[in-house]
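One file, work-v3.cif, carrying mmCIF, C-alpha atoms and all ligand atoms:
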data_upload
loop_
_atom_site.label_atom_id
_atom_site.label_comp_id
_atom_site.auth_asym_id
_atom_site.auth_seq_id
_atom_site.Cartn_x
_atom_site.Cartn_y
_atom_site.Cartn_z
CA MET H 1 -27.70 -19.86 -3.13
CA SER H 2 -25.03 -22.42 -3.80
CA GLU H 3 -22.88 -23.82 -1.01
CA MET H 4 -19.97 -21.91 -2.48
CA THR H 5 -21.56 -18.57 -1.68
CA GLY H 6 -22.90 -19.75 1.68
CA ASN H 7 -19.45 -20.00 3.24
CA GLU H 8 -17.85 -16.61 3.84
CA ASP H 9 -14.31 -17.86 3.35
CA ASN H 10 -15.13 -19.42 -0.03
CA ARG H 11 -16.73 -16.32 -1.44
CA ARG H 12 -14.93 -14.61 -4.27
CA PHE H 13 -13.19 -11.30 -3.68
CA ALA H 14 -15.85 -9.12 -5.34
CA THR H 15 -18.50 -10.57 -3.04
CA LYS H 16 -16.37 -10.15 0.08
CA LEU H 17 -16.02 -6.45 -0.81
CA LEU H 18 -19.78 -5.98 -0.34
CA HIS H 19 -20.62 -8.62 2.26
CA PHE H 20 -18.52 -8.26 5.39
CA ALA H 21 -19.30 -8.19 9.11
CA GLY H 22 -20.14 -4.47 9.24
CA ALA H 23 -21.82 -4.18 5.84
CA ILE H 24 -25.30 -3.96 7.42
CA ASP H 25 -26.00 -2.49 10.85
CA GLU H 26 -27.42 -5.33 12.95
CA THR H 27 -29.71 -3.21 15.12
CA SER H 28 -31.32 -0.92 12.52
CA GLY H 29 -30.73 -2.81 9.30
CA ALA H 30 -29.05 0.30 7.85
CA SER H 31 -27.06 -0.29 4.67
CA SER H 32 -23.79 0.78 6.29
CA THR H 33 -22.04 0.64 9.65
CA PRO H 34 -23.11 3.61 11.81
CA ILE H 35 -20.52 6.25 12.57
CA ILE H 36 -20.16 5.92 16.35
CA GLN H 37 -18.87 9.40 17.11
CA ALA H 38 -18.06 8.81 20.76
CA SER H 39 -14.86 8.87 22.76
CA THR H 40 -16.23 6.80 25.63
CA PHE H 41 -18.95 4.29 26.51
CA HIS H 42 -21.32 4.00 29.48
CA HIS H 43 -20.84 1.17 31.95
CA HIS H 44 -24.42 0.00 32.60
CA ASP H 45 -23.15 -2.46 35.19
CA ILE H 46 -19.84 -1.70 36.85
CA HIS H 47 -19.20 -5.41 37.38
CA ASN H 48 -19.74 -6.12 33.72
CA PRO H 49 -17.73 -3.68 31.54
CA PRO H 50 -19.06 -2.95 28.04
CA GLU H 51 -17.39 -4.50 24.97
CA PHE H 52 -16.11 -1.05 23.96
CA ASP H 53 -15.01 1.23 26.79
CA TYR H 54 -12.88 3.98 25.20
CA SER H 55 -12.45 4.76 21.49
CA ARG H 56 -8.65 4.63 21.44
CA SER H 57 -8.88 1.02 22.67
CA GLY H 58 -11.83 0.15 20.46
CA ASN H 59 -14.59 1.82 18.46
CA PRO H 60 -17.39 -0.08 16.69
CA THR H 61 -16.99 1.80 13.39
CA ARG H 62 -13.23 1.29 13.36
CA GLU H 63 -13.68 -2.34 14.34
CA ALA H 64 -15.96 -2.97 11.34
CA LEU H 65 -13.19 -1.63 9.10
CA GLU H 66 -10.54 -3.70 10.91
CA GLN H 67 -12.54 -6.89 10.40
CA TYR H 68 -13.14 -5.91 6.78
CA ILE H 69 -9.43 -5.57 5.90
CA ALA H 70 -8.59 -8.80 7.79
CA LEU H 71 -11.20 -10.61 5.67
CA LEU H 72 -9.84 -9.15 2.41
CA GLU H 73 -6.19 -9.98 3.22
CA GLY H 74 -7.06 -13.40 4.64
CA GLY H 75 -5.39 -12.56 7.96
CA HIS H 76 -6.16 -13.10 11.63
CA ARG H 77 -6.73 -9.52 12.74
CA GLY H 78 -6.87 -6.04 11.16
CA PHE H 79 -5.97 -2.60 12.53
CA ALA H 80 -6.80 0.89 11.32
CA PHE H 81 -4.47 3.85 11.78
CA ALA H 82 -4.48 7.61 11.23
CA SER H 83 -2.28 7.28 8.10
CA GLY H 84 -0.15 4.78 6.23
CA MET H 85 2.90 6.07 8.10
CA ALA H 86 1.06 5.63 11.43
CA ALA H 87 0.47 1.98 10.47
CA ILE H 88 4.06 1.46 9.32
CA SER H 89 5.68 3.21 12.30
CA THR H 90 3.46 1.29 14.72
CA ALA H 91 4.44 -1.99 13.05
CA PHE H 92 8.14 -1.10 13.36
CA MET H 93 7.55 -0.76 17.13
CA LEU H 94 7.36 -4.58 17.13
CA LEU H 95 11.16 -4.19 17.13
CA SER H 96 13.31 -3.13 20.10
CA ALA H 97 16.44 -1.01 20.55
CA GLY H 98 19.45 -2.92 19.27
CA ASP H 99 17.48 -4.80 16.59
CA HIS H 100 18.42 -4.78 12.91
CA VAL H 101 16.00 -4.83 9.96
CA ILE H 102 16.57 -5.58 6.26
CA VAL H 103 14.55 -3.24 4.00
CA THR H 104 13.83 -2.92 0.27
CA GLU H 105 16.21 -0.21 -0.97
CA ASP H 106 13.63 1.69 -3.02
CA VAL H 107 11.12 1.74 -0.19
CA TYR H 108 8.48 4.50 0.06
CA GLY H 109 10.17 7.83 0.89
CA GLY H 110 8.33 8.24 4.20
CA THR H 111 9.40 4.77 5.35
CA TYR H 112 12.98 5.62 4.39
CA ARG H 113 12.75 8.82 6.45
CA LEU H 114 11.26 6.95 9.44
CA LEU H 115 14.10 4.43 9.39
CA THR H 116 16.98 6.82 8.75
CA THR H 117 16.01 9.80 10.90
CA ILE H 118 13.74 8.49 13.69
CA LEU H 119 14.25 4.75 14.29
CA SER H 120 18.01 5.21 13.91
CA ARG H 121 17.87 7.41 17.06
CA MET H 122 16.10 4.54 18.85
CA ASN H 123 19.07 2.37 17.95
CA ILE H 124 17.12 0.34 15.40
CA GLU H 125 19.55 -0.39 12.61
CA THR H 126 18.62 -0.75 8.92
CA THR H 127 20.33 -2.31 5.91
CA PHE H 128 18.78 -1.36 2.59
CA VAL H 129 19.18 -4.05 -0.08
CA ASP H 130 18.07 -4.68 -3.64
CA MET H 131 15.43 -7.19 -2.61
CA THR H 132 15.07 -8.53 -6.15
CA ASP H 133 18.35 -10.32 -5.41
CA ILE H 134 17.99 -12.95 -2.65
CA GLU H 135 21.78 -13.15 -2.28
CA GLN H 136 21.86 -9.50 -1.18
CA VAL H 137 19.11 -10.22 1.35
CA LYS H 138 21.02 -13.20 2.74
CA ALA H 139 24.28 -11.24 2.88
CA ALA H 140 22.62 -8.55 5.04
CA LEU H 141 21.84 -10.99 7.87
CA LYS H 142 23.48 -10.10 11.22
CA PRO H 143 23.25 -11.67 14.67
CA ASN H 144 20.77 -8.94 15.71
CA THR H 145 18.57 -9.09 12.57
CA LYS H 146 14.93 -9.42 13.62
CA ALA H 147 12.83 -8.49 10.59
CA VAL H 148 12.57 -8.07 6.82
CA PHE H 149 10.46 -5.26 5.34
CA MET H 150 9.36 -5.65 1.71
CA GLU H 151 7.54 -3.39 -0.72
CA THR H 152 6.61 -4.92 -4.08
CA PRO H 153 6.19 -3.51 -6.63
CA SER H 154 8.52 -0.91 -5.20
CA ASN H 155 8.06 2.81 -5.49
CA PRO H 156 8.52 4.42 -7.98
CA THR H 157 10.63 2.08 -10.16
CA LEU H 158 8.30 -0.91 -9.72
CA LYS H 159 10.90 -3.54 -8.93
CA ILE H 160 9.56 -6.96 -7.99
CA THR H 161 10.50 -8.93 -4.89
CA ASP H 162 9.83 -12.67 -4.81
CA ILE H 163 7.63 -12.64 -1.70
CA ALA H 164 7.57 -16.42 -1.12
CA GLU H 165 11.32 -16.76 -1.57
CA VAL H 166 12.26 -13.95 0.83
CA THR H 167 9.61 -15.03 3.34
CA ALA H 168 10.75 -18.68 3.35
CA TRP H 169 14.35 -17.59 3.95
CA ALA H 170 13.26 -15.14 6.69
CA LYS H 171 11.18 -17.81 8.45
CA GLY H 172 14.14 -20.17 8.33
CA ASN H 173 16.11 -17.53 10.24
CA GLY H 174 13.35 -16.71 12.72
CA LEU H 175 12.72 -13.22 11.28
CA LEU H 176 9.45 -11.31 11.26
CA THR H 177 8.27 -10.38 7.74
CA MET H 178 6.37 -7.20 6.90
CA LEU H 179 5.14 -6.06 3.50
CA ASP H 180 3.76 -2.75 2.23
CA ASN H 181 0.93 -3.85 -0.09
CA THR H 182 -0.27 -0.35 -1.01
CA PHE H 183 0.35 -0.61 -4.78
CA MET H 184 -1.36 -3.96 -5.35
CA THR H 185 -4.11 -4.00 -2.67
CA PRO H 186 -5.55 -7.36 -1.55
CA TYR H 187 -7.48 -7.47 -4.83
CA HIS H 188 -4.27 -8.18 -6.76
CA GLN H 189 -1.90 -9.53 -4.10
CA ARG H 190 -2.43 -11.28 -0.75
CA PRO H 191 0.97 -11.58 0.97
CA ILE H 192 -0.34 -13.52 3.99
CA GLU H 193 -1.11 -16.42 1.64
CA LEU H 194 2.60 -16.33 0.74
CA GLY H 195 3.74 -16.47 4.37
CA VAL H 196 4.09 -12.78 5.34
CA ASP H 197 3.42 -11.94 9.03
CA VAL H 198 2.26 -8.31 8.79
CA VAL H 199 0.68 -6.62 5.75
CA LEU H 200 0.61 -2.83 5.69
CA HIS H 201 -1.29 -0.29 3.64
CA SER H 202 -1.46 3.35 2.98
CA ALA H 203 -5.25 3.17 2.63
CA THR H 204 -5.03 6.79 1.51
CA LYS H 205 -4.32 5.35 -1.94
CA PHE H 206 -6.27 2.61 -3.76
CA LEU H 207 -8.30 1.34 -0.80
CA GLY H 208 -9.83 4.75 -0.07
CA GLY H 209 -9.56 5.55 -3.73
CA HIS H 210 -11.04 9.06 -3.84
CA SER H 211 -8.25 11.38 -2.61
CA ASP H 212 -10.41 12.34 0.34
CA VAL H 213 -9.22 10.31 3.30
CA LEU H 214 -5.85 9.74 4.95
CA ALA H 215 -5.64 6.31 6.59
CA GLY H 216 -3.45 3.30 7.19
CA LEU H 217 -4.22 -0.38 7.73
CA ALA H 218 -2.32 -3.36 9.07
CA VAL H 219 -3.22 -7.03 9.09
CA ALA H 220 -1.55 -9.61 11.33
CA ALA H 221 -1.37 -13.15 9.98
CA ASP H 222 -1.53 -14.88 13.36
CA GLU H 223 -2.91 -14.44 16.86
CA ASP H 224 0.34 -13.63 18.63
CA THR H 225 1.36 -10.90 16.16
CA GLY H 226 -2.22 -9.60 16.35
CA ARG H 227 -2.05 -9.36 20.14
CA ARG H 228 1.26 -7.48 19.99
CA LEU H 229 -0.02 -5.06 17.33
CA LYS H 230 -3.17 -4.42 19.38
CA GLN H 231 -1.02 -3.48 22.38
CA LEU H 232 1.01 -1.10 20.20
CA GLN H 233 -2.02 0.50 18.52
CA ASN H 234 -3.63 1.16 21.89
CA GLY H 235 -0.38 2.14 23.59
CA LEU H 236 0.78 4.53 20.88
CA GLY H 237 -2.73 5.84 20.16
CA THR H 238 -2.16 5.93 16.40
CA VAL H 239 -5.81 5.04 15.69
CA LEU H 240 -8.12 6.05 12.83
CA ALA H 241 -11.15 8.20 13.75
CA PRO H 242 -14.72 6.90 13.24
CA GLN H 243 -15.64 9.31 10.40
CA GLU H 244 -12.52 8.34 8.47
CA SER H 245 -13.14 4.65 9.15
CA TRP H 246 -16.61 4.95 7.63
CA LEU H 247 -15.35 6.90 4.63
CA LEU H 248 -12.68 4.31 3.98
CA MET H 249 -15.18 1.42 4.02
CA ARG H 250 -17.33 3.47 1.64
CA GLY H 251 -14.45 3.70 -0.80
CA MET H 252 -13.32 0.11 -0.44
CA LYS H 253 -16.62 -1.35 -1.65
CA THR H 254 -15.75 -0.35 -5.23
CA LEU H 255 -12.11 -1.49 -5.05
CA GLN H 256 -12.38 -4.27 -7.61
CA ALA H 257 -14.33 -2.18 -10.13
CA ARG H 258 -11.82 0.67 -9.81
CA MET H 259 -8.72 -1.54 -9.93
CA GLU H 260 -9.94 -3.40 -13.01
CA HIS H 261 -10.69 -0.23 -14.92
CA SER H 262 -7.47 1.54 -13.96
CA GLU H 263 -5.30 -1.49 -14.63
CA ARG H 264 -6.73 -1.99 -18.11
CA SER H 265 -5.94 1.64 -18.87
CA ALA H 266 -2.47 1.44 -17.27
CA ARG H 267 -1.55 -1.52 -19.50
CA LYS H 268 -2.53 0.51 -22.57
CA LEU H 269 -0.65 3.54 -21.34
CA ALA H 270 2.54 1.58 -20.57
CA ASP H 271 2.48 -0.06 -23.98
CA TRP H 272 1.95 3.29 -25.74
CA LEU H 273 4.66 5.06 -23.71
CA SER H 274 7.16 2.27 -24.38
CA ARG H 275 6.86 3.07 -28.11
CA HIS H 276 6.88 6.86 -27.66
CA PRO H 277 9.93 8.70 -29.10
CA GLU H 278 9.94 11.30 -26.28
CA VAL H 279 10.13 8.64 -23.57
CA GLU H 280 13.45 7.01 -22.66
CA ARG H 281 12.28 4.27 -20.37
CA VAL H 282 9.04 2.85 -18.98
CA TYR H 283 8.67 0.95 -15.70
CA TYR H 284 5.59 -1.30 -15.50
CA PRO H 285 5.52 -4.94 -14.37
CA GLY H 286 3.16 -5.82 -17.23
CA LEU H 287 5.64 -4.91 -19.97
CA PRO H 288 7.27 -7.92 -21.67
CA ASP H 289 10.79 -6.62 -20.93
CA HIS H 290 10.21 -5.99 -17.21
CA PRO H 291 12.80 -8.12 -15.40
CA GLY H 292 10.41 -9.06 -12.58
CA ARG H 293 7.40 -9.85 -14.74
CA ALA H 294 7.40 -13.65 -14.31
CA ILE H 295 7.78 -13.43 -10.53
CA HIS H 296 5.10 -10.75 -10.33
CA GLU H 297 2.69 -12.91 -12.33
CA ARG H 298 3.23 -15.82 -9.92
CA GLN H 299 2.34 -13.81 -6.84
CA SER H 300 -0.19 -11.23 -8.10
CA SER H 301 -3.31 -11.31 -10.24
CA GLY H 302 -2.64 -8.01 -12.03
CA TYR H 303 -0.05 -5.37 -12.77
CA GLY H 304 -1.69 -2.43 -11.06
CA ALA H 305 -2.41 1.13 -12.11
CA VAL H 306 0.93 2.86 -11.61
CA VAL H 307 3.26 3.47 -14.56
CA SER H 308 6.59 5.28 -14.10
CA PHE H 309 8.53 6.68 -17.03
CA ASP H 310 11.65 8.66 -17.72
CA VAL H 311 11.55 11.61 -20.10
CA GLY H 312 15.32 12.09 -20.03
CA SER H 313 15.92 15.20 -17.92
CA GLY H 314 14.58 17.30 -15.07
CA GLU H 315 13.83 20.13 -17.46
CA ARG H 316 11.67 17.92 -19.69
CA ALA H 317 9.92 16.39 -16.67
CA LYS H 318 9.02 19.84 -15.31
CA ARG H 319 7.77 20.94 -18.74
CA LEU H 320 5.55 17.86 -18.89
CA LEU H 321 4.18 18.51 -15.39
CA ASN H 322 3.32 22.08 -16.37
CA LYS H 323 1.63 21.11 -19.65
CA VAL H 324 -0.63 18.20 -18.69
CA LYS H 325 -4.27 19.20 -18.31
CA LEU H 326 -6.03 16.09 -16.98
CA PRO H 327 -4.11 14.47 -14.13
CA LEU H 328 -3.72 16.11 -10.76
CA VAL H 329 -0.07 17.07 -10.44
CA ALA H 330 0.38 15.95 -6.89
CA VAL H 331 1.84 13.64 -4.32
CA SER H 332 -0.25 10.47 -3.92
CA LEU H 333 -1.75 7.84 -6.19
CA GLY H 334 -4.54 5.31 -6.42
CA ALA H 335 -7.52 7.59 -6.88
CA VAL H 336 -10.52 7.90 -9.19
CA GLU H 337 -8.75 10.81 -10.88
CA SER H 338 -5.34 10.29 -12.48
CA ILE H 339 -2.38 11.66 -10.53
CA LEU H 340 0.98 12.56 -11.99
CA SER H 341 3.80 12.95 -9.54
CA TYR H 342 7.44 13.89 -9.64
CA PRO H 343 9.36 11.68 -7.17
CA ALA H 344 12.60 13.71 -7.29
CA MET H 345 10.82 16.80 -5.92
CA MET H 346 7.88 15.19 -4.12
CA SER H 347 7.80 11.69 -2.54
CA HIS H 348 11.58 11.18 -2.60
CA ALA H 349 12.70 14.74 -1.90
CA ALA H 350 13.90 13.59 1.54
CA MET H 351 16.35 11.16 -0.01
CA PRO H 352 19.93 12.41 -0.61
CA LYS H 353 20.49 12.99 -4.34
CA GLU H 354 23.28 10.36 -4.68
CA VAL H 355 21.09 7.73 -2.99
CA ARG H 356 18.12 8.73 -5.12
CA LEU H 357 20.07 8.44 -8.39
CA GLU H 358 21.59 5.12 -7.32
CA ARG H 359 18.03 3.83 -6.92
CA GLY H 360 17.03 4.86 -10.43
CA ILE H 361 14.95 7.84 -9.30
CA THR H 362 16.39 10.19 -11.87
CA ASP H 363 15.47 13.83 -12.49
CA GLY H 364 13.53 12.77 -15.60
CA LEU H 365 11.38 10.16 -13.84
CA VAL H 366 7.65 10.80 -13.40
CA ARG H 367 5.00 8.49 -11.95
CA TYR H 368 1.53 8.24 -13.47
CA SER H 369 -1.28 6.75 -11.39
CA VAL H 370 -4.05 5.98 -13.85
CA GLY H 371 -7.58 6.90 -12.73
CA LEU H 372 -11.00 6.24 -14.20
CA GLU H 373 -10.96 8.80 -17.03
CA ASP H 374 -11.20 7.59 -20.62
CA ILE H 375 -7.73 6.33 -21.48
CA GLU H 376 -7.87 7.89 -24.97
CA ASP H 377 -8.28 11.34 -23.37
CA LEU H 378 -5.41 10.66 -20.97
CA MET H 379 -3.13 9.63 -23.83
CA GLU H 380 -4.10 12.62 -25.99
CA ASP H 381 -3.36 14.90 -23.05
CA LEU H 382 0.02 13.26 -22.45
CA GLU H 383 0.81 13.42 -26.15
CA GLN H 384 0.37 17.22 -26.28
CA ALA H 385 2.42 17.59 -23.09
CA LEU H 386 5.25 15.30 -24.25
CA ARG H 387 5.49 16.99 -27.67
CA GLY H 388 5.89 20.31 -25.89
C1 LIG H 401 1.63 6.89 0.51
C2 LIG H 401 2.38 5.67 0.89
C3 LIG H 401 2.72 5.42 2.22
C4 LIG H 401 2.41 6.39 3.34
O1 LIG H 401 1.05 6.49 3.57
P1 LIG H 401 0.33 7.81 4.16
O2 LIG H 401 -1.11 7.43 4.18
O3 LIG H 401 0.65 8.93 3.24
O4 LIG H 401 0.89 8.02 5.52
C5 LIG H 401 3.37 4.24 2.49
N1 LIG H 401 3.72 3.37 1.52
C6 LIG H 401 3.42 3.59 0.24
C7 LIG H 401 3.81 2.59 -0.80
C8 LIG H 401 2.73 4.74 -0.13
O5 LIG H 401 2.46 4.97 -1.42
#
Show the structure stored in the file as structure tokens.
Amino acid sequence: MSEMTGNEDNRRFATKLLHFAGAIDETSGASSTPIIQASTFHHHDIHNPPEFDYSRSGNPTREALEQYIALLEGGHRGFAFASGMAAISTAFMLLSAGDHVIVTEDVYGGTYRLLTTILSRMNIETTFVDMTDIEQVKAALKPNTKAVFMETPSNPTLKITDIAEVTAWAKGNGLLTMLDNTFMTPYHQRPIELGVDVVLHSATKFLGGHSDVLAGLAVAADEDTGRRLKQLQNGLGTVLAPQESWLLMRGMKTLQARMEHSERSARKLADWLSRHPEVERVYYPGLPDHPGRAIHERQSSGYGAVVSFDVGSGERAKRLLNKVKLPLVAVSLGAVESILSYPAMMSHAAMPKEVRLERGITDGLVRYSVGLEDIEDLMEDLEQALRG
């Protein structure tokens, strides 16, 4: 063993995916963390409380997962939640009534709904901006601004935010920075290395990777943010259950292998679609004409597995969705099987039509999350569906 592999922090990503604190059970030597299906823990000595005392406050299986995601993101402390929205809503509770937050305009539909229908009632105010334009971000600053929430690439039009630029400006103004890293995963993008305070995930997507677990993760960059998130996770009770924690770790071990395969296929698909006569427009950060490509390449090691494209009208989009035979036609993304979704009627149905169109989410836009099938089969299937 070389010194390089002896130090946990110096290990390469693929190795960290398999060798983390909970990878082997210390007491039995089992090849995975045990599922500790318990709500509470016995106090052997009343003067000396056990490390874990109640599963909402801490559970050994969940803790293994929390340490795992902190290692992968290079953060101080990780947290596991019942869903991506549980993670995101808990993180927004770092704010107080009267605070203002600046948010990526084409943010995930559920985050948009949280901000506009729930947090608005708590008197937390939001300004949505095109975060690809730093001048718009700066112009949104108010005396009560406390945080900036980024999502890059954004969903579903895959716009790119310059993470280091926005974060440096936010820090200069004493603002907390949060970033939804669902599309890239820590394999491709590690926002904490670029100065972000809180990284969030819908682990339901690429991290879990098998369309069989709903989960969310958060990673705090520093001790103080970690302490505050811990208080919120315990106080709100938005925790992930032990079975789900185990299942998520199970999926995460193959993250790099899955991301590499899917990304290679997505690049081929985007290139093919961009030359297809039935397709009006393709959104993929790896395409040469993508306006955010250079910034994305500076801050990420890959383009990801999601390709959005516009077939021109709602009628044509619906025909395509009815004719494809291989992908799941569903909400969600980031799984072993390809998933084709229709933002206008699925993930972004909650958004008013004018707002949706303004954000480029047209009636003809579909989003393809490329799985592990043979890409030639996926393209042949799309070809027959596009030709109608
Ligand atoms: C799916 C998704 C979420 C929400 O996660 P859930 O696990 O469904 O609660 C948040 N952000 C992004 C980018 C997503 O794709």
Using only C-alpha atoms: which of H:Gln37, H:Thr185, H:Ser369, H:Ser347 has the shortest distance to H:Leu328: H:Ser369
Which one is closest to H:Leu333: H:Met184, H:Ala218, H:Leu321, H:Val282? Count all atoms listed in the file.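 Once distances to H:Leu333 are computed over all atoms listed in the file, the minimum belongs to H:Met184.
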Closest atom pairs, chain H residues within 9 Å of ligand LIG 401 (chain H), all atoms listed in the file, as CSV:
residue,atom,partner,partner_atom,distance
H:Ala82,CA,H:LIG401,O2,7.8
H:Ser83,CA,H:LIG401,O2,4.1
H:Gly84,CA,H:LIG401,O1,3.4
H:Met85,CA,H:LIG401,O4,3.8
H:Ala86,CA,H:LIG401,O4,6.4
H:Ala87,CA,H:LIG401,O4,7.8
H:Ile88,CA,H:LIG401,C5,7.4
H:Val107,CA,H:LIG401,C7,7.4
H:Tyr108,CA,H:LIG401,N1,5.1
H:Gly109,CA,H:LIG401,C5,7.9
H:Gly110,CA,H:LIG401,C4,6.3
H:Thr111,CA,H:LIG401,C5,6.7
H:Glu151,CA,H:LIG401,C7,7.0
H:Thr152,CA,H:LIG401,C7,8.7
H:Pro153,CA,H:LIG401,C7,8.8
H:Ser154,CA,H:LIG401,C7,7.3
H:Asn155,CA,H:LIG401,C7,6.3
H:Pro156,CA,H:LIG401,C7,8.8
H:Asp180,CA,H:LIG401,C7,6.1
H:Asn181,CA,H:LIG401,C7,7.1
H:Thr182,CA,H:LIG401,C7,5.0
H:Phe183,CA,H:LIG401,C7,6.2
H:Leu200,CA,H:LIG401,N1,8.1
H:His201,CA,H:LIG401,N1,6.6
H:Ser202,CA,H:LIG401,O1,4.1
H:Ala203,CA,H:LIG401,O2,6.1
H:Thr204,CA,H:LIG401,O2,4.8
H:Lys205,CA,H:LIG401,C1,6.6
H:Val213,CA,H:LIG401,O2,8.7
H:Leu214,CA,H:LIG401,O2,5.3
H:Ala215,CA,H:LIG401,O2,5.3
H:Gly216,CA,H:LIG401,O2,5.6
H:Val331,CA,H:LIG401,C1,8.3
H:Ser332,CA,H:LIG401,C1,6.0
H:Leu333,CA,H:LIG401,O5,7.0
H:Gly334,CA,H:LIG401,O5,8.6
H:Ser347,CA,H:LIG401,C1,8.4
Let me know the centre plus edge lengths, in Å and rounded to one decimal, of a box with edges along x, y and z that contains all listed atoms of stretch 194-201 of chain H and is padded by 4 Å on every side, as lines of an AutoDock Vina configuration file.
center_x = 1.4
center_y = -8.4
center_z = 4.9
size_x = 13.4
size_y = 24.2
size_z = 16.3
Tell me, as a list in words, which residues lie within 8 Å of stretch 62-68 of chain H, counting all atoms listed in the file; anything in the same chain fewer than 5 positions away does not count.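 Contacts, in chain order: Phe20, Ala21, Gly22, Thr33, Arg77, Gly78, Phe79, Ala80, Leu217, Leu240, Ala241, Pro242, Ser245, Trp246, Leu248 and Met249 of chain H.
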Find the spatial neighbours of H:Ala266, counting only C-alpha atoms, within a cut-off of 10 Å - ignore same-chain residues fewer than 2 positions away - and output them as an MDAnalysis selection string. chainID H and resid 260:264 268:272 284 286 303:307 368:371 375
